[in-house]
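Presented below is the structure to which this report refers.
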Amino acid sequence: DEGWTVMMIFKYMEKLTGINSRLISNVRNYEYLAGTEDDIPEMIPSLSLTYTAYRNSAYDRPSIAYEILRDMLGDEIFLKALQEYINRWSGKHPTPYDFYFTFDEVTRQNLNWYWNPWFFGSGYPDLAIDKVLTNDGEAEISIRKVGNVPTPVKLKLTYENETSEDFYYNAGIWKDGNEIFITKIKLSNILKEIQLGDLRIPDSNRENNLFLVH
């Protein structure tokens, strides 16, 4: 599978250069097509795809999906599941379902909530800052999953003294089918702004990712 082969390159590039330029490029390509007629569900046979749709379906979208899955499961569990899949199906003719079932079995999780939007459905990734409440040196931040594709949440809080803090939550926060994720953060100074997202996380609409304190 080209997708997870590309995904394995991501970690090597980041370790080698400190900048995951390939992942950022794949995310940018996927964002451009996400939700359009060229963003075809992964389970559609490749012979039915145009060149643009094939590139997205074979490389960009699945490699990002596997990278987000690896981040969510952790390296040890992800590699254990991947190695088990290779051991079971080396020299045979597995289907995508064999991959999904192996990961579910090894991780002891029902990952249908993740497989369905990333590999079976149509849609797009889009997170938005829905609401921010500040009180007593604490910020309660609500993030809305506008799109149907689950992705991680990364927040950058910038303070009036120009210092900043980053907070990260993997895609597992969406496993219960919730459309809102709420986090409470202890503020270390007077809050100036909140920035949602990262170039390594796909988001089809980044215009709803900034909250300014007036």
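Here's how to read the names in the structure tokens: chain A, B, ... by the order shown, residue numbers from 1 in each chain, ligand numbers from 1 in the order shown.
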Considering only C-alpha atoms, return as JSON, numbers by chain whatever protein or nucleic-acid residues lie within 7 Å of Ala139 (chain A), sequence-local ones (same chain, fewer than 5 positions apart) excluded.
{"A": [132, 133, 134, 184, 185, 186, 187]}
Restricting the output to all heavy atoms, write the selected residues as a CSV table (one decimal), in the first residue's frame.
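Ended up saving to part13.csv:
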chain,number,residue,atom,x,y,z
A,132,VAL,N,-14.9,30.4,23.4
A,132,VAL,CA,-13.8,30.5,24.4
A,132,VAL,C,-14.4,31.3,25.6
A,132,VAL,O,-14.9,32.4,25.4
A,132,VAL,CB,-12.6,31.3,23.8
A,132,VAL,CG1,-11.6,31.5,24.9
A,132,VAL,CG2,-12.0,30.5,22.6
A,133,LEU,N,-14.3,30.7,26.7
A,133,LEU,CA,-14.7,31.4,28.0
A,133,LEU,C,-13.5,31.5,28.9
A,133,LEU,O,-12.8,30.5,29.1
A,133,LEU,CB,-15.8,30.6,28.7
A,133,LEU,CG,-17.1,30.3,27.9
A,133,LEU,CD1,-18.0,29.4,28.7
A,133,LEU,CD2,-17.8,31.7,27.6
A,134,THR,N,-13.2,32.7,29.4
A,134,THR,CA,-12.1,32.9,30.3
A,134,THR,C,-12.6,33.3,31.7
A,134,THR,O,-13.5,34.2,31.7
A,134,THR,CB,-11.1,33.9,29.8
A,134,THR,OG1,-11.8,35.1,29.5
A,134,THR,CG2,-10.5,33.4,28.5
A,184,LYS,N,-9.9,22.6,29.1
A,184,LYS,CA,-9.7,23.7,30.0
A,184,LYS,C,-8.2,23.9,30.3
A,184,LYS,O,-7.5,22.9,30.6
A,184,LYS,CB,-10.4,23.5,31.4
A,184,LYS,CG,-11.9,23.4,31.2
A,184,LYS,CD,-12.6,23.2,32.6
A,184,LYS,CE,-14.1,23.2,32.4
A,184,LYS,NZ,-14.8,23.0,33.8
A,185,ILE,N,-7.7,25.1,30.1
A,185,ILE,CA,-6.3,25.4,30.1
A,185,ILE,C,-6.0,26.5,31.1
A,185,ILE,O,-6.7,27.5,31.1
A,185,ILE,CB,-5.7,25.8,28.8
A,185,ILE,CG1,-5.9,24.6,27.8
A,185,ILE,CG2,-4.3,26.2,28.9
A,185,ILE,CD1,-5.5,25.0,26.3
A,186,LYS,N,-5.1,26.2,32.0
A,186,LYS,CA,-4.7,27.2,33.0
A,186,LYS,C,-3.8,28.2,32.3
A,186,LYS,O,-2.8,27.9,31.7
A,186,LYS,CB,-3.9,26.5,34.2
A,186,LYS,CG,-3.6,27.5,35.3
A,186,LYS,CD,-4.8,27.8,36.1
A,186,LYS,CE,-4.4,28.6,37.4
A,186,LYS,NZ,-5.6,29.0,38.1
A,187,LEU,N,-4.2,29.5,32.3
A,187,LEU,CA,-3.4,30.5,31.6
A,187,LEU,C,-2.2,31.0,32.5
A,187,LEU,O,-2.3,31.2,33.7
A,187,LEU,CB,-4.3,31.7,31.4
A,187,LEU,CG,-5.6,31.4,30.6
A,187,LEU,CD1,-6.5,32.7,30.5
A,187,LEU,CD2,-5.2,30.9,29.2
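Using only C-alpha atoms, the residues found no farther than 7 Å from region 49-61 of chain A, other than those of its own chain fewer than 3 positions away, are Glu2, Gly3, Asn26, Val27, Asn29, Tyr30, Asp38, Asp39, Ile40, Glu42, Ser46, Ile64 and Ala65 of chain A.
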Closest to Asp71 (chain A) among A:Gly172, A:Ser204, A:Trp115, A:Lys192, using only C-alpha atoms?
A:Gly172
DSSP strand (DSSP E or B) selection over region 66-164 of chain A, as a PyMOL selection string
chain A and resi 127-135+138-145+153-159+164
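Take CA of Phe99 (chain A) and CA of Leu82 (chain A): the distance between them is 8.4 Å.
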CA of Val153 (chain A) to CA of Gln109 (chain A): how many Å, to one decimal?
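Pair CA of Val153 (chain A) / CA of Gln109 (chain A) returns 21.2 Å.
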Enter the distance from CA of Asn116 (chain A) to CA of Leu73 (chain A), in Å, rounded to one decimal.
17.1 Å
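If you measure from each of A:Phe101, A:Trp174, A:Trp89, A:Phe167 to Pro117 (chain A) using only C-alpha atoms, the closest one turns out to be A:Trp174.
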